[in-house]
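Visitor: To be precise about what I am sending: the file is called protein11.pdb and holds PDB, C-alpha atoms.
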```
MODEL        1
ATOM      1  CA  MET A  16      69.797  67.951  90.548
ATOM      2  CA  VAL A  17      68.842  71.401  89.392
ATOM      3  CA  ASP A  18      66.737  72.827  92.207
ATOM      4  CA  THR A  19      65.022  69.620  93.261
ATOM      5  CA  LYS A  20      63.410  71.124  96.340
ATOM      6  CA  LEU A  21      60.161  69.364  97.149
ATOM      7  CA  THR A  22      57.068  71.516  97.430
ATOM      8  CA  ASN A  23      54.331  70.241  99.730
ATOM      9  CA  PHE A  24      50.781  70.104  98.358
ATOM     10  CA  GLY A  25      49.054  72.070 101.103
ATOM     11  CA  HIS A  26      48.677  70.552 104.574
ATOM     12  CA  GLU A  27      50.382  67.199 104.722
ATOM     13  CA  ASN A  28      48.075  64.389 105.820
ATOM     14  CA  PHE A  29      49.370  60.887 106.360
ATOM     15  CA  PRO A  30      47.462  58.306 104.326
ATOM     16  CA  ASN A  31      45.329  55.506 105.711
ATOM     17  CA  PHE A  32      47.667  52.654 104.847
ATOM     18  CA  SER A  33      45.008  50.060 105.680
ATOM     19  CA  LYS A  34      43.295  51.017 102.414
ATOM     20  CA  ILE A  35      46.453  50.822 100.297
ATOM     21  CA  PRO A  36      47.357  47.496  98.643
ATOM     22  CA  THR A  37      50.582  45.711  99.548
ATOM     23  CA  GLN A  38      53.303  45.262  96.942
ATOM     24  CA  ARG A  39      56.357  43.063  97.050
ATOM     25  CA  ALA A  40      59.750  44.654  96.588
ATOM     26  CA  ARG A  41      63.443  43.806  96.592
ATOM     27  CA  MET A  42      65.895  46.191  98.215
ATOM     28  CA  LEU A  43      69.102  47.321  96.513
ATOM     29  CA  LYS A  44      71.788  48.999  98.621
ATOM     30  CA  PHE A  45      74.828  50.816  97.327
ATOM     31  CA  ASN A  46      78.222  49.274  98.098
ATOM     32  CA  LEU A  47      80.493  52.323  98.258
ATOM     33  CA  GLU A  48      83.738  50.340  98.307
ATOM     34  CA  GLU A  49      82.800  48.293  95.246
ATOM     35  CA  GLY A  50      80.951  51.077  93.409
ATOM     36  CA  ARG A  51      77.919  48.898  92.696
ATOM     37  CA  PHE A  52      74.464  47.984  93.982
ATOM     38  CA  ASP A  53      73.845  44.716  95.804
ATOM     39  CA  SER A  54      70.575  42.946  96.405
ATOM     40  CA  PHE A  55      69.957  43.042 100.133
ATOM     41  CA  GLY A  56      67.912  40.741 102.354
ATOM     42  CA  GLU A  57      64.613  39.048 101.698
ATOM     43  CA  ILE A  58      61.559  40.123  99.738
ATOM     44  CA  LEU A  59      59.885  43.134 101.367
ATOM     45  CA  GLU A  60      56.221  44.041 101.598
ATOM     46  CA  VAL A  61      55.576  47.746 101.060
ATOM     47  CA  LYS A  62      52.594  50.057 100.780
ATOM     48  CA  ILE A  63      52.969  53.202  98.653
ATOM     49  CA  ASP A  64      50.384  55.956  98.699
ATOM     50  CA  PRO A  65      49.366  56.627  95.059
ATOM     51  CA  THR A  66      48.922  60.346  95.790
ATOM     52  CA  PRO A  67      52.195  62.282  96.204
ATOM     53  CA  PHE A  68      52.554  64.628  99.161
ATOM     54  CA  ALA A  69      55.293  66.770  97.586
ATOM     55  CA  ARG A  70      56.790  67.546  94.203
ATOM     56  CA  GLY A  71      60.209  68.574  92.913
ATOM     57  CA  ASN A  72      61.400  69.334  89.409
ATOM     58  CA  LEU A  73      62.274  65.697  88.789
ATOM     59  CA  ARG A  74      60.555  63.574  91.428
ATOM     60  CA  LEU A  75      57.265  63.077  93.226
ATOM     61  CA  ALA A  76      57.414  62.102  96.889
ATOM     62  CA  HIS A  77      54.988  59.412  98.111
ATOM     63  CA  HIS A  78      54.418  58.155 101.635
ATOM     64  CA  MET A  79      55.522  54.544 102.030
ATOM     65  CA  LEU A  80      55.076  52.009 104.833
ATOM     66  CA  ALA A  81      57.448  49.057 105.155
ATOM     67  CA  CYS A  82      59.132  46.752 107.625
ATOM     68  CA  LEU A  83      62.868  46.731 106.946
ATOM     69  CA  SER A  84      64.106  45.485 110.316
ATOM     70  CA  LYS A  85      64.002  42.121 112.039
ATOM     71  CA  ASN A  86      61.875  43.443 114.909
ATOM     72  CA  GLY A  87      58.790  43.401 112.696
ATOM     73  CA  VAL A  88      57.947  47.080 113.238
ATOM     74  CA  LYS A  89      56.564  48.904 110.195
ATOM     75  CA  GLU A  90      58.108  52.320 109.653
ATOM     76  CA  HIS A  91      57.402  55.402 107.591
ATOM     77  CA  TYR A  92      59.484  56.064 104.469
ATOM     78  CA  VAL A  93      59.407  58.277 101.387
ATOM     79  CA  ALA A  94      59.334  56.744  97.913
ATOM     80  CA  LYS A  95      60.682  59.139  95.281
ATOM     81  CA  ILE A  96      59.290  58.484  91.823
ATOM     82  CA  SER A  97      60.237  60.132  88.546
ATOM     83  CA  ILE A  98      57.766  62.549  86.987
ATOM     84  CA  ASP A  99      59.066  61.562  83.540
ATOM     85  CA  PRO A 100      57.602  58.132  82.654
ATOM     86  CA  PHE A 101      60.550  57.481  80.298
ATOM     87  CA  GLU A 102      63.408  58.495  82.600
ATOM     88  CA  ASP A 103      66.390  56.167  82.532
ATOM     89  CA  PRO A 104      66.086  53.979  85.665
ATOM     90  CA  LYS A 105      69.852  54.337  86.140
ATOM     91  CA  ASN A 106      69.170  57.852  87.448
ATOM     92  CA  TYR A 107      67.681  56.314  90.604
ATOM     93  CA  LEU A 108      70.945  54.483  91.190
ATOM     94  CA  ASP A 109      73.013  57.618  90.556
ATOM     95  CA  ASP A 110      70.938  59.647  93.032
ATOM     96  CA  VAL A 111      71.244  57.050  95.793
ATOM     97  CA  ALA A 112      74.974  56.519  95.179
ATOM     98  CA  THR A 113      75.500  60.285  95.351
ATOM     99  CA  GLN A 114      73.629  60.501  98.650
ATOM    100  CA  GLN A 115      75.624  57.650 100.189
ATOM    101  CA  CYS A 116      78.876  59.283  99.092
ATOM    102  CA  ALA A 117      77.731  62.555 100.696
ATOM    103  CA  SER A 118      76.986  60.618 103.864
ATOM    104  CA  GLU A 119      80.631  59.552 104.114
ATOM    105  CA  TYR A 120      81.768  63.164 103.835
ATOM    106  CA  ALA A 121      79.293  64.099 106.569
ATOM    107  CA  LYS A 122      80.970  61.549 108.852
ATOM    108  CA  MET A 123      84.364  63.091 108.048
ATOM    109  CA  TYR A 124      83.002  66.570 108.784
ATOM    110  CA  ASN A 125      81.649  65.488 112.170
ATOM    111  CA  ARG A 126      85.074  64.185 113.267
ATOM    112  CA  TYR A 127      86.257  67.790 113.558
ATOM    113  CA  ASN A 128      83.592  68.484 116.224
ATOM    114  CA  PRO A 129      81.852  71.389 114.516
ATOM    115  CA  PRO A 130      79.207  73.242 116.534
ATOM    116  CA  LYS A 131      76.467  71.290 114.765
ATOM    117  CA  ARG A 132      76.808  67.789 113.352
ATOM    118  CA  VAL A 133      75.301  66.895 109.991
ATOM    119  CA  GLU A 134      74.008  63.694 108.441
ATOM    120  CA  PHE A 135      72.396  62.438 105.271
ATOM    121  CA  VAL A 136      69.442  60.090 105.436
ATOM    122  CA  GLU A 137      70.334  56.587 104.311
ATOM    123  CA  ALA A 138      68.904  56.011 100.841
ATOM    124  CA  PHE A 139      68.363  52.851  98.858
ATOM    125  CA  VAL A 140      66.503  51.595  95.809
ATOM    126  CA  ILE A 141      63.648  49.137  95.650
ATOM    127  CA  SER A 142      62.505  47.089  92.693
ATOM    128  CA  LEU A 143      58.736  46.537  92.704
ATOM    129  CA  ILE A 144      58.793  42.929  91.592
ATOM    130  CA  ASP A 145      55.017  42.494  91.231
ATOM    131  CA  ARG A 146      54.840  45.205  88.569
ATOM    132  CA  PRO A 147      55.601  44.640  84.870
ATOM    133  CA  ARG A 148      59.376  44.894  84.362
ATOM    134  CA  ALA A 149      59.832  45.467  88.108
ATOM    135  CA  PRO A 150      60.258  49.285  88.056
ATOM    136  CA  LEU A 151      62.550  51.071  90.500
ATOM    137  CA  CYS A 152      62.083  53.906  92.947
ATOM    138  CA  ALA A 153      64.379  55.590  95.454
ATOM    139  CA  VAL A 154      63.508  55.286  99.130
ATOM    140  CA  GLU A 155      64.636  56.936 102.341
ATOM    141  CA  ARG A 156      63.384  57.357 105.896
ATOM    142  CA  TYR A 157      60.668  59.976 106.348
ATOM    143  CA  ILE A 158      61.933  63.067 108.182
ATOM    144  CA  ASP A 159      59.349  64.902 110.239
ATOM    145  CA  GLY A 160      59.782  68.665 110.434
ATOM    146  CA  THR A 161      60.130  71.827 108.365
ATOM    147  CA  TYR A 162      61.979  71.184 105.128
ATOM    148  CA  LYS A 163      64.400  73.890 103.917
ATOM    149  CA  LYS A 164      66.775  74.224 100.987
ATOM    150  CA  HIS A 165      70.053  76.017 101.783
ATOM    151  CA  ASN A 166      71.896  76.047  98.456
ATOM    152  CA  ASN A 167      71.652  74.382  95.055
ATOM    153  CA  ASN A 168      74.030  73.206  92.347
ATOM    154  CA  TRP A 169      74.185  76.560  90.522
ATOM    155  CA  GLY A 170      75.170  79.136  93.112
ATOM    156  CA  PHE A 171      71.805  79.733  94.814
ATOM    157  CA  ILE A 172      71.899  80.588  98.516
ATOM    158  CA  ASN A 173      68.785  80.791 100.669
ATOM    159  CA  ASN A 174      69.332  84.234 102.171
ATOM    160  CA  LYS A 175      65.847  84.219 103.693
ATOM    161  CA  HIS A 176      66.807  81.343 105.984
ATOM    162  CA  GLU A 177      70.579  81.793 105.980
ATOM    163  CA  ARG A 178      72.603  79.369 108.108
ATOM    164  CA  ASN A 179      76.313  78.723 108.581
ATOM    165  CA  THR A 180      76.521  74.940 108.863
ATOM    166  CA  PRO A 181      75.155  73.858 105.437
ATOM    167  CA  HIS A 182      77.431  76.225 103.496
ATOM    168  CA  ALA A 183      80.474  75.420 105.616
ATOM    169  CA  PHE A 184      79.865  71.722 104.977
ATOM    170  CA  SER A 185      79.813  72.323 101.203
ATOM    171  CA  HIS A 186      83.093  74.270 101.414
ATOM    172  CA  PHE A 187      84.584  71.535 103.637
ATOM    173  CA  THR A 188      83.931  68.823 101.022
ATOM    174  CA  TYR A 189      85.898  70.777  98.419
ATOM    175  CA  GLU A 190      88.955  70.962 100.687
ATOM    176  CA  ALA A 191      88.638  67.432 102.094
ATOM    177  CA  SER A 192      88.467  65.941  98.584
ATOM    178  CA  ARG A 193      91.634  67.740  97.421
ATOM    179  CA  HIS A 194      89.499  69.988  95.224
ATOM    180  CA  GLN A 195      88.206  66.955  93.339
ATOM    181  CA  LEU A 196      84.525  67.367  94.248
ATOM    182  CA  LEU A 197      82.058  69.648  95.980
ATOM    183  CA  ILE A 198      78.808  68.586  97.653
ATOM    184  CA  CYS A 199      75.987  71.091  97.339
ATOM    185  CA  ASP A 200      72.204  71.240  96.897
ATOM    186  CA  ILE A 201      72.036  70.958 100.684
ATOM    187  CA  GLN A 202      68.446  70.577 101.863
ATOM    188  CA  GLY A 203      66.454  68.817 104.536
ATOM    189  CA  VAL A 204      65.128  69.183 108.064
ATOM    190  CA  ALA A 205      67.520  70.943 110.477
ATOM    191  CA  ASP A 206      70.880  69.279 109.746
ATOM    192  CA  ILE A 207      69.460  65.989 108.488
ATOM    193  CA  TYR A 208      69.958  66.317 104.761
ATOM    194  CA  THR A 209      68.732  64.598 101.619
ATOM    195  CA  ASP A 210      68.995  64.853  97.806
ATOM    196  CA  PRO A 211      72.494  66.363  97.541
ATOM    197  CA  GLN A 212      74.332  66.990  94.304
ATOM    198  CA  ILE A 213      78.045  66.386  93.809
ATOM    199  CA  HIS A 214      80.145  68.307  91.301
ATOM    200  CA  SER A 215      83.345  66.531  90.240
ATOM    201  CA  ILE A 216      86.386  68.183  88.712
ATOM    202  CA  ASP A 217      85.989  66.207  85.470
ATOM    203  CA  GLY A 218      82.188  66.528  85.365
ATOM    204  CA  ARG A 219      81.749  62.757  85.313
ATOM    205  CA  GLY A 220      79.473  60.602  87.449
ATOM    206  CA  TYR A 221      77.158  61.650  90.277
ATOM    207  CA  GLY A 222      74.065  62.036  88.104
ATOM    208  CA  LYS A 223      72.938  64.597  85.567
ATOM    209  CA  GLY A 224      73.188  67.571  87.960
ATOM    210  CA  ASN A 225      77.005  67.348  88.039
ATOM    211  CA  MET A 226      78.176  70.645  86.536
ATOM    212  CA  GLY A 227      81.880  69.986  86.993
ATOM    213  CA  LYS A 228      84.229  72.967  87.298
ATOM    214  CA  ARG A 229      81.409  75.339  86.348
ATOM    215  CA  GLY A 230      79.554  74.128  89.434
ATOM    216  CA  PHE A 231      82.642  74.848  91.561
ATOM    217  CA  ARG A 232      82.833  78.390  90.225
ATOM    218  CA  LYS A 233      79.110  79.002  90.733
ATOM    219  CA  PHE A 234      79.282  77.866  94.352
ATOM    220  CA  PHE A 235      82.261  80.042  95.245
ATOM    221  CA  SER A 236      80.830  83.038  93.396
ATOM    222  CA  THR A 237      78.118  83.335  96.065
ATOM    223  CA  HIS A 238      79.701  81.577  99.054
ATOM    224  CA  ARG A 239      80.723  83.725 102.001
ATOM    225  CA  CYS A 240      82.954  82.011 104.516
ATOM    226  CA  ASN A 241      81.458  82.077 107.994
ATOM    227  CA  ALA A 242      82.527  81.277 111.557
ATOM    228  CA  VAL A 243      82.300  77.513 110.925
ATOM    229  CA  CYS A 244      84.525  77.765 107.819
ATOM    230  CA  LYS A 245      87.017  79.684 109.957
ATOM    231  CA  PHE A 246      86.773  77.101 112.760
ATOM    232  CA  LEU A 247      87.678  74.360 110.245
ATOM    233  CA  LYS A 248      90.622  76.479 109.009
ATOM    234  CA  LEU A 249      89.325  76.429 105.452
ATOM    235  CA  PRO A 250      90.821  78.973 103.026
ATOM    236  CA  LEU A 251      88.659  82.037 103.591
ATOM    237  CA  ILE A 252      86.635  83.177 100.583
ATOM    238  CA  ASN A 253      84.703  86.455 100.792
ATOM    239  CA  PRO A 254      84.454  86.099 104.589
ATOM    240  CA  LYS A 255      81.647  87.597 106.611
ATOM    241  CA  ASP A 256      82.377  90.335 109.103
ATOM    242  CA  PRO A 257      82.855  88.424 112.394
ATOM    243  CA  LYS A 258      81.426  91.378 114.329
ATOM    244  CA  LYS A 259      78.141  90.935 112.450
ATOM    245  CA  GLU A 260      78.063  87.146 112.769
ATOM    246  CA  LEU A 261      74.668  86.349 114.292
ATOM    247  CA  LEU A 262      74.342  82.694 113.239
ATOM    248  CA  THR A 263      75.939  79.497 114.582
ATOM    249  CA  VAL A 264      79.331  80.329 116.089
ATOM    250  CA  PRO A 265      81.704  77.704 117.564
ATOM    251  CA  GLN A 266      82.637  77.998 121.238
ATOM    252  CA  GLU A 267      86.286  77.981 120.160
ATOM    253  CA  ALA A 268      87.339  80.116 117.212
ATOM    254  CA  LEU A 269      89.578  77.415 115.707
ATOM    255  CA  MET A 270      89.657  73.644 115.823
ATOM    256  CA  LYS A 271      92.660  71.936 117.430
ATOM    257  CA  LYS A 272      93.868  70.179 114.268
ATOM    258  CA  ASP A 273      96.169  72.058 111.948
ATOM    259  CA  GLN A 274      93.981  71.579 108.880
ATOM    260  CA  VAL A 275      91.296  69.441 107.284
ATOM    261  CA  GLU A 276      92.781  66.152 106.152
ATOM    262  CA  ASN A 277      92.616  65.358 102.449
ATOM    263  CA  VAL A 278      90.603  62.205 101.828
ATOM    264  CA  LYS A 279      89.445  60.764  98.546
ATOM    265  CA  LEU A 280      86.866  57.989  98.447
ATOM    266  CA  GLY A 281      87.449  55.011  96.194
ATOM    267  CA  PHE A 282      84.144  55.629  94.417
ATOM    268  CA  SER A 283      84.639  57.823  91.341
ATOM    269  CA  GLY A 284      80.979  58.737  90.907
ATOM    270  CA  SER A 285      80.341  56.237  88.096
ATOM    271  CA  LEU A 286      78.802  52.833  88.774
ATOM    272  CA  ASN A 287      81.021  49.883  87.903
ATOM    273  CA  ALA A 288      78.083  47.759  86.785
ATOM    274  CA  LEU A 289      74.289  47.909  86.584
ATOM    275  CA  PRO A 290      72.219  45.333  88.485
ATOM    276  CA  LYS A 291      70.721  42.605  86.338
ATOM    277  CA  LEU A 292      67.127  43.758  86.662
ATOM    278  CA  PRO A 293      64.138  43.831  84.278
ATOM    279  CA  ALA A 294      63.960  47.639  84.672
ATOM    280  CA  PHE A 295      67.139  48.012  82.602
ATOM    281  CA  LYS A 296      65.790  46.142  79.603
ATOM    282  CA  ASN A 297      64.219  48.212  76.804
ATOM    283  CA  THR A 298      63.790  51.313  78.990
ATOM    284  CA  ARG A 299      62.044  53.316  76.255
ATOM    285  CA  ARG A 300      58.981  51.081  76.283
ATOM    286  CA  MET A 301      55.812  52.654  77.733
ATOM    287  CA  LYS A 302      55.760  51.944  81.439
ATOM    288  CA  GLU A 303      52.870  50.784  83.557
ATOM    289  CA  PRO A 304      51.371  52.610  86.561
ATOM    290  CA  LEU A 305      53.384  52.102  89.731
ATOM    291  CA  ILE A 306      50.542  51.579  92.189
ATOM    292  CA  SER A 307      47.646  49.916  90.420
ATOM    293  CA  LYS A 308      46.616  48.563  87.049
ATOM    294  CA  GLN A 309      43.250  50.192  87.518
ATOM    295  CA  LYS A 310      42.675  53.732  86.311
ATOM    296  CA  GLU A 311      43.329  56.229  89.091
ATOM    297  CA  THR A 312      40.854  58.969  89.830
ATOM    298  CA  GLY A 313      41.295  62.467  91.176
ATOM    299  CA  PRO A 314      43.754  65.241  90.366
ATOM    300  CA  CYS A 315      46.848  63.035  90.536
ATOM    301  CA  CYS A 316      45.746  60.304  88.147
ATOM    302  CA  ASN A 317      49.057  60.388  86.245
ATOM    303  CA  CYS A 318      51.391  61.061  89.165
ATOM    304  CA  ALA A 319      52.278  57.468  89.934
ATOM    305  CA  LEU A 320      53.979  56.596  86.669
ATOM    306  CA  ILE A 321      57.655  55.780  86.506
TER     307      ILE A 321
ENDMDL
END
```
What would you get if you wrote out this structure as structure tokens?
Guide:
Amino acid sequence: MVDTKLTNFGHENFPNFSKIPTQRARMLKFNLEEGRFDSFGEILEVKIDPTPFARGNLRLAHHMLACLSKNGVKEHYVAKISIDPFEDPKNYLDDVATQQCASEYAKMYNRYNPPKRVEFVEAFVISLIDRPRAPLCAVERYIDGTYKKHNNNWGFINNKHERNTPHAFSHFTYEASRHQLLICDIQGVADIYTDPQIHSIDGRGYGKGNMGKRGFRKFFSTHRCNAVCKFLKLPLINPKDPKKELLTVPQEALMKKDQVENVKLGFSGSLNALPKLPAFKNTRRMKEPLISKQKETGPCCNCALI
């Protein structure tokens, strides 16, 4: 995920969903223990705004309305759709699996009672079964607030909006995984994150942004250990001067545990099997518009292709 920060197109206005047609979809959730995607629940009815509200290097973000709970309440989601109409649909699965893996490390991080807890938005994939070949898109809950990117997968650090927690979390994952992986590309609203990238020591799995050992080196070439790194008793790398520490500082200098426990998830970063879906058959064939068969009008007429 090379710098996949989403850029908003001016002032964000929520669409009038009453004017957007309903599509049927099937949800696919990632089973972390089994390393595969499972079809989940009944057929869903979703509405996806054909005009994206934000753009990254690889994806367009569209507002989506859907009811995913038994209480019948429709909620606001984000559908992330590839800009490249010929992108391998497996990339959607890799991105969601990576995010769910990062979510498990966030839970581990929070067990040490850092000054600020972190979380990753739950992500899943939907297959739009009314469309030709039932194309896929990644979906997650819409997060309201100011979106910021803290680091990326190639050593970038956002010095303009520097914070301690996101960078300490990245460093934590390296130690907690026994130096087998590192979670970076930390971005989101406050400490609710999305779209992470994972580097693995062998460079395998976790999508095409996995830079392996080179990614490790790039991260630590710019990382400066802060008060949260020290609190977690992580090996200090280019530490900041504690007298000049003006960002988040724990109430206690050190956590009570002797060290971060080493934990390795069963998932290796590579899917054990692909779902048996039409989207994985003859993926190089020209794909149809996601939203409508009719020709779109306006400046984003080609944005809704996957």
Visitor: Identify which of the residues A:Asn31, A:Asn277, A:Asn173, A:Asn179 lies closest to Phe246 of chain A, counting only C-alpha atoms when measuring atom-to-atom distances.
Guide: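 Looking at the shortest contact to Phe246 of chain A, the residue is A:Asn179.
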Visitor: So how far away is atom CA of Asp200 of chain A from atom CA of Arg219 of chain A, in Å?
Guide: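 Atom CA of Arg219 of chain A sits 17.2 Å away from atom CA of Asp200 of chain A.
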Visitor: Between A:Leu47, A:Leu269, A:Val140, A:Val264, single out the one closest to Phe282 of chain A, counting only C-alpha atoms.
Guide: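 Closest residue, counting only C-alpha atoms: A:Leu47.
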Visitor: Using the chain letters and numbering of this document, enumerate as number ranges by chain the residues selected by the PyMOL selection byres ((chain A and resi 283-299) around 8).
Guide: A: 49-53, 101, 103-105, 109, 112-113, 148-151, 219-221, 280-282, 300-301
Visitor: Using all atoms listed in the file, which residue out of A:His91, A:Phe139, A:Arg239, A:Asn125 lies closest to Asn174 of chain A?
Guide: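 Between A:His91, A:Phe139, A:Arg239, A:Asn125, the residue approaching Asn174 of chain A most closely is A:Arg239.
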Visitor: Tell me which protein, DNA and RNA residues are within 6 Å of Cys199 of chain A, counting only C-alpha atoms, leaving out same-chain ones fewer than 5 positions away, and put them as a ChimeraX atom specification.
Guide: /A:167-168,185,211-212
Visitor: With all atoms listed in the file as the atoms that count, which of A:Arg132, A:His78, A:His186, A:Lys85 lies nearest to Lys245 of chain A?
Guide: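 Among the listed residues, A:His186 lies closest to Lys245 of chain A.
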Visitor: Quick one: residues within 10 Å of (69.5, 80.5, 108.7) (file frame), counting only C-alpha atoms, please, as a list in words.
Guide: Lys163, His165, Asn173, Asn174, Lys175, His176, Glu177, Arg178, Asn179, Thr180, Pro181, Ala205, Leu261, Leu262 and Thr263 of chain A
Visitor: Just checking: using all atoms listed in the file, which residue out of A:Asn241, A:Asp145, A:Leu108, A:Glu102 ends up closest to Leu59 of chain A?
Guide: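 Closest to Leu59 of chain A of all the choices is A:Asp145.
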